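Asks: Before I ask anything, let me first share the structure, which is written out below as structure tokens.
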Amino acid sequence: MPDALLPPVAEPTTAARTVQVRPRTEGWQQQRGADGRPLLQFASPKRGKPPVHLADLTPEERRARLVELGLPAFRAGQLARHYFTRYTSDPAEMTDLPAAGRDELVQGLLPELMTEVRRFTTDRGDTIKFLWKLHDGALVESVLMRYPGRITLCVSSQAGCGMNCPFCATGQAGLTRNMSAAEIVDQVVRANRVIADGALGGKRAGETTPERVSNIVFMGMGEPLANYNRLMSAVRTMVAPAPEGLGMSARHITVSTVGLVPAITKLSAEKIPVTFALSLHAPDDHLRDELIPVNSRWKVDEALDAARAYFDATGRRVSIEYALIKDMNDHGWRADLLAEKLNARGHGWVHVNPIPLNPTPGSVWTASEPAVQREFVRRLEAAGIPTTIRDTRGKEIDGACGQLAATEA
Ligand code: SF4
């Protein structure tokens, strides 16, 4: 048959692309406020405060704390060295401290903040998810991942979360409480200890250099910018040179948010050049109002303006996180609209990380088809937007973003 007589090849995706799946919860009820909209919790419920720990304090405050406890101030530096460089809070390992009063000294500045409840290992030992119990029984998680050339820890910043995103296991139960700065930092110190003990797999044969967490992503439980002051105190301790802190590079710390605009503006003024990630997931308010309830407070354009201002203030290229969800937000026109909105704010300031969701048969929250993912990326790239599909390591153990809901079961 001559070509002209062949039936036109139907664009297989055209019909599918007109489908609009709306976000909804599955198997649980989203809490609603008096106005009928999904409830947003910004304030942390009042609960007993965790014990004050060295990692909550500046070096001066640590010394003052020891004096307050009737202990010699100069010991603060020794304790900091043990904690930040040897990853220990065990008095038995601190043989440079006088035996008399050592336990009181350690208890005074390094009280136990969390106990390990469970450890799940996957990816042939390269990924470990930790379940921690805090002093008041609240549960949080962190996920440790080895990649070529780096070791990343995904940390929690709140127990639970008040942002109520309909796809998110963490958001279901609401906000239990803000974590203290030391509880945030302790996740890193504990992970470093696990690495030092050789429990993270994948180390190259013959490799003898000491290893530790090199990259932090605030993509565990909680909305980091809703716990702003403690987040920033933790970040300052992470970047403070050893032995006063962990001596990490701010560039290797990624703070992500669903778009708390005033807090993004504050972060821009901090002069700590962390990597900033905006979890956008939709370029239009119509969809994003449902997908990310906080969009009812700060709209897409406001969040993008704040993200661009972050770049202007820090020179750090901003990441836009975009989970690709079948027939919900993966339409070609949405890729075009996203590119248009980003380009309208200039070039070279942003890149997009599409995140392929896990295929979940029967769920509205399921993976975009591979061809649709490719088309989404193609459109962004054609519009000049640097785009990298993100690894979703940890998904086998429910450790991927938005899937952290700590249970002891
Ligand atoms: S997706 Fe993030 S911001 Fe939304 S409820 Fe879950 S943890 Fe909170």
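A note on labels: chains of the structure tokens are A, B, ... as shown, every chain counts residues from 1, and ligands are counted from 1 in their shown order.
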Mind listing the residues within 6 Å of ligand 1, only C-alpha atoms and all ligand atoms counted, as a list in words?
Replies: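 Counting only C-alpha atoms and all ligand atoms, the residues within 6 Å of ligand 1 come out as Cys161, Met163, Asn164, Cys165, Cys168, Thr170, Gly171, Met221, Gly222, Glu223, Val258 and Gly402 of chain A.
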Asks: What are the closest atom pairs, with distances in Å to one decimal, for each residue of stretch 220-309 of chain A lying within 9 Å of stretch 194-216 of chain A, using only C-alpha atoms, rows by chain and rising residue number, as a Markdown table?
Replies:
| residue | atom | partner | partner_atom | distance |
| --- | --- | --- | --- | --- |
| A:Met248 | CA | A:Ser214 | CA | 6.9 |
| A:Ser249 | CA | A:Ser214 | CA | 8.0 |
| A:Arg251 | CA | A:Asn215 | CA | 8.6 |
| A:His252 | CA | A:Asn215 | CA | 4.8 |
| A:Ile253 | CA | A:Ile216 | CA | 4.7 |
| A:Thr254 | CA | A:Ile216 | CA | 6.1 |
| A:Val255 | CA | A:Ile216 | CA | 8.5 |
Asks: Pick from A:Val185, A:Pro293, A:Ala173, A:Arg308: nearest to A:Ala240, with only C-alpha atoms counted?
Replies: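 Nearest to A:Ala240: A:Val185.
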Asks: Separation of atom CA of A:Gly247 and atom CA of A:Leu110, in Å?
Replies: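 Pair atom CA of A:Gly247 / atom CA of A:Leu110 returns 19.0 Å.
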Asks: Among stretch 162-266 of chain A, which ones does DSSP assign to helix (DSSP H, G or I) (computed from the backbone)? Answer as a count of residues only.
Replies: 45
Asks: Have a look at A:Glu93, A:Glu244, A:Asp284, A:Asp336 and name the one nearest to A:Leu57; count only C-alpha atoms.
Replies: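 Checking each of A:Glu93, A:Glu244, A:Asp284, A:Asp336 against A:Leu57, counting only C-alpha atoms, the winner is A:Glu244.
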Asks: Which residues are close to stretch 142-150 of chain A, i.e. within 10 Å by only C-alpha atoms, leaving aside same-chain residues fewer than 2 positions away? Reply as a PyMOL selection string.
Replies: chain A and resi 119-123+125-132+140+152-157+184+187-188+191-192+194-195+200-204+211-221+252+393-394+397-400+404
Asks: Any chance you can output those residues with N, CA and C atoms as a compact mmCIF listing (two decimals), in the first residue's frame?
Replies:
# COMPACT_ATOMS: atom_id res chain seq x y z
N ARG A 119 16.38 -1.32 61.93
CA ARG A 119 17.26 -0.98 60.82
C ARG A 119 16.87 -1.86 59.63
N PHE A 120 16.61 -1.25 58.48
CA PHE A 120 16.26 -2.02 57.29
C PHE A 120 17.37 -1.79 56.26
N THR A 121 17.84 -2.87 55.71
CA THR A 121 18.94 -2.74 54.75
C THR A 121 18.49 -3.25 53.39
N THR A 122 18.88 -2.53 52.34
CA THR A 122 18.52 -2.97 50.98
C THR A 122 19.61 -2.53 50.01
N ASP A 123 19.36 -2.69 48.70
CA ASP A 123 20.35 -2.35 47.68
C ASP A 123 21.69 -3.02 48.00
N GLY A 125 23.02 -3.77 50.70
CA GLY A 125 23.74 -3.19 51.84
C GLY A 125 24.12 -1.73 51.64
N ASP A 126 23.87 -1.17 50.44
CA ASP A 126 24.25 0.22 50.16
C ASP A 126 23.24 1.23 50.71
N THR A 127 22.07 0.77 51.13
CA THR A 127 21.04 1.66 51.65
C THR A 127 20.55 1.10 52.99
N ILE A 128 20.53 1.98 53.98
CA ILE A 128 20.03 1.56 55.30
C ILE A 128 19.00 2.59 55.75
N LYS A 129 17.82 2.09 56.12
CA LYS A 129 16.82 2.98 56.73
C LYS A 129 16.80 2.73 58.23
N PHE A 130 16.89 3.82 58.99
CA PHE A 130 16.86 3.71 60.45
C PHE A 130 15.52 4.21 60.96
N LEU A 131 14.99 3.50 61.93
CA LEU A 131 13.82 3.99 62.66
C LEU A 131 14.29 4.33 64.07
N TRP A 132 14.09 5.60 64.46
CA TRP A 132 14.57 6.08 65.76
C TRP A 132 13.39 6.42 66.66
N VAL A 140 10.93 8.73 64.29
CA VAL A 140 11.39 9.38 63.05
C VAL A 140 12.32 8.43 62.32
N THR A 152 25.16 9.77 51.20
CA THR A 152 24.09 10.73 51.45
C THR A 152 23.20 10.24 52.58
N LEU A 153 22.82 11.16 53.46
CA LEU A 153 21.84 10.83 54.49
C LEU A 153 20.61 11.70 54.29
N CYS A 154 19.46 11.03 54.20
CA CYS A 154 18.18 11.75 54.12
C CYS A 154 17.68 11.86 55.56
N VAL A 155 17.57 13.09 56.06
CA VAL A 155 17.24 13.27 57.48
C VAL A 155 15.82 13.81 57.68
N SER A 156 15.29 13.56 58.85
CA SER A 156 13.99 14.11 59.25
C SER A 156 14.22 15.39 60.05
N SER A 157 13.27 16.32 59.92
CA SER A 157 13.37 17.57 60.67
C SER A 157 12.19 17.76 61.62
N ILE A 184 18.24 16.58 65.10
CA ILE A 184 18.51 16.56 63.65
C ILE A 184 19.98 16.17 63.41
N GLN A 187 21.15 12.43 63.99
CA GLN A 187 20.94 11.44 62.91
C GLN A 187 22.22 11.28 62.08
N VAL A 188 22.92 12.39 61.87
CA VAL A 188 24.15 12.35 61.08
C VAL A 188 25.27 11.67 61.86
N ALA A 191 24.68 8.02 62.04
CA ALA A 191 24.98 7.39 60.74
C ALA A 191 26.48 7.30 60.53
N ASN A 192 27.20 8.36 60.92
CA ASN A 192 28.67 8.32 60.79
C ASN A 192 29.26 7.18 61.61
N VAL A 194 27.78 4.37 62.30
CA VAL A 194 27.46 3.11 61.59
C VAL A 194 28.46 2.90 60.44
N ILE A 195 28.76 3.99 59.74
CA ILE A 195 29.72 3.88 58.62
C ILE A 195 31.11 3.51 59.17
N LEU A 200 27.87 -0.02 56.59
CA LEU A 200 27.28 0.36 55.29
C LEU A 200 28.05 -0.36 54.20
N GLY A 201 27.32 -1.10 53.40
CA GLY A 201 27.96 -1.92 52.36
C GLY A 201 28.49 -1.08 51.21
N GLY A 202 29.14 -1.75 50.29
CA GLY A 202 29.52 -1.11 49.03
C GLY A 202 30.86 -0.42 49.03
N LYS A 203 31.60 -0.50 50.16
CA LYS A 203 32.92 0.13 50.18
C LYS A 203 33.83 -0.60 49.20
N ARG A 204 34.60 0.19 48.43
CA ARG A 204 35.46 -0.45 47.44
C ARG A 204 36.58 -1.24 48.10
N GLU A 211 35.49 7.04 56.17
CA GLU A 211 34.35 7.55 55.41
C GLU A 211 33.32 8.13 56.36
N ARG A 212 32.50 9.02 55.84
CA ARG A 212 31.42 9.58 56.64
C ARG A 212 30.37 10.16 55.70
N VAL A 213 29.29 10.60 56.29
CA VAL A 213 28.22 11.21 55.48
C VAL A 213 28.79 12.46 54.82
N SER A 214 28.70 12.53 53.49
CA SER A 214 29.21 13.72 52.79
C SER A 214 28.08 14.64 52.35
N ASN A 215 26.90 14.09 52.17
CA ASN A 215 25.77 14.88 51.68
C ASN A 215 24.54 14.66 52.57
N ILE A 216 23.84 15.76 52.81
CA ILE A 216 22.60 15.68 53.59
C ILE A 216 21.45 16.16 52.71
N VAL A 217 20.36 15.44 52.72
CA VAL A 217 19.14 15.97 52.10
C VAL A 217 18.05 16.01 53.16
N PHE A 218 17.44 17.18 53.29
CA PHE A 218 16.33 17.30 54.23
C PHE A 218 15.06 16.90 53.49
N MET A 219 14.93 15.62 53.26
CA MET A 219 13.76 15.11 52.54
C MET A 219 13.14 13.93 53.28
N GLY A 220 13.46 13.82 54.57
CA GLY A 220 12.83 12.78 55.38
C GLY A 220 11.50 13.28 55.90
N MET A 221 11.18 12.91 57.13
CA MET A 221 9.90 13.37 57.69
C MET A 221 9.95 14.86 57.95
N HIS A 252 26.79 20.77 50.05
CA HIS A 252 26.36 19.36 50.05
C HIS A 252 25.16 19.12 50.96
N ARG A 393 16.33 5.89 45.16
CA ARG A 393 16.89 4.85 46.01
C ARG A 393 16.09 4.75 47.30
N GLY A 394 15.97 3.55 47.75
CA GLY A 394 15.30 3.38 49.04
C GLY A 394 13.83 3.04 48.89
N ILE A 397 12.23 0.05 50.52
CA ILE A 397 12.01 -0.01 51.96
C ILE A 397 11.20 1.20 52.41
N ASP A 398 10.35 1.70 51.53
CA ASP A 398 9.51 2.84 51.89
C ASP A 398 10.31 4.01 52.40
N GLY A 399 11.49 4.20 51.82
CA GLY A 399 12.31 5.30 52.31
C GLY A 399 12.35 6.44 51.30
N ALA A 400 11.63 6.30 50.19
CA ALA A 400 11.65 7.38 49.22
C ALA A 400 10.83 8.55 49.75
N LEU A 404 7.73 8.27 54.09
CA LEU A 404 8.20 7.97 55.43
C LEU A 404 7.06 8.12 56.44
Asks: Calculate how many Å separate atom CA of A:Pro243 from atom CA of A:Gly77, rounding to one decimal.
Replies: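 We find that atom CA of A:Pro243 and atom CA of A:Gly77 lie 7.4 Å from each other.
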Asks: Compile a residue-level contact table for stretch 151-207 of chain A against stretch 23-41 of chain A at a cut-off of 7 Å, reporting for every qualifying residue the shortest atom pair and its distance in Å to one decimal, with only C-alpha atoms counted, rows ordered by chain and ascending number, as JSON lines.
Replies:
{"residue": "A:Gly162", "atom": "CA", "partner": "A:Gln41", "partner_atom": "CA", "distance": 4.3}
{"residue": "A:Met163", "atom": "CA", "partner": "A:Leu40", "partner_atom": "CA", "distance": 5.3}
{"residue": "A:Asn164", "atom": "CA", "partner": "A:Leu40", "partner_atom": "CA", "distance": 6.4}
{"residue": "A:Pro166", "atom": "CA", "partner": "A:Thr25", "partner_atom": "CA", "distance": 5.0}
{"residue": "A:Phe167", "atom": "CA", "partner": "A:Thr25", "partner_atom": "CA", "distance": 6.3}
{"residue": "A:Gln172", "atom": "CA", "partner": "A:Gln30", "partner_atom": "CA", "distance": 6.9}
{"residue": "A:Leu175", "atom": "CA", "partner": "A:Gln41", "partner_atom": "CA", "distance": 6.8}
Asks: Can you write out the residues you just picked, keeping C-alpha atoms, as a PDB file, in the first residue's frame?
Replies:
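Generated file (result-v1.pdb):
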ATOM      1  CA  GLY A 162       1.691  19.410  59.251  1.00  0.00           C
ATOM      2  CA  MET A 163       1.585  20.023  55.501  1.00  0.00           C
ATOM      3  CA  ASN A 164      -1.043  17.346  54.816  1.00  0.00           C
ATOM      4  CA  PRO A 166      -2.606  13.798  50.041  1.00  0.00           C
ATOM      5  CA  PHE A 167       0.054  11.431  48.677  1.00  0.00           C
ATOM      6  CA  GLN A 172      -1.409  11.466  57.332  1.00  0.00           C
ATOM      7  CA  LEU A 175       2.566  17.022  63.075  1.00  0.00           C
TER       8      LEU A 175
END
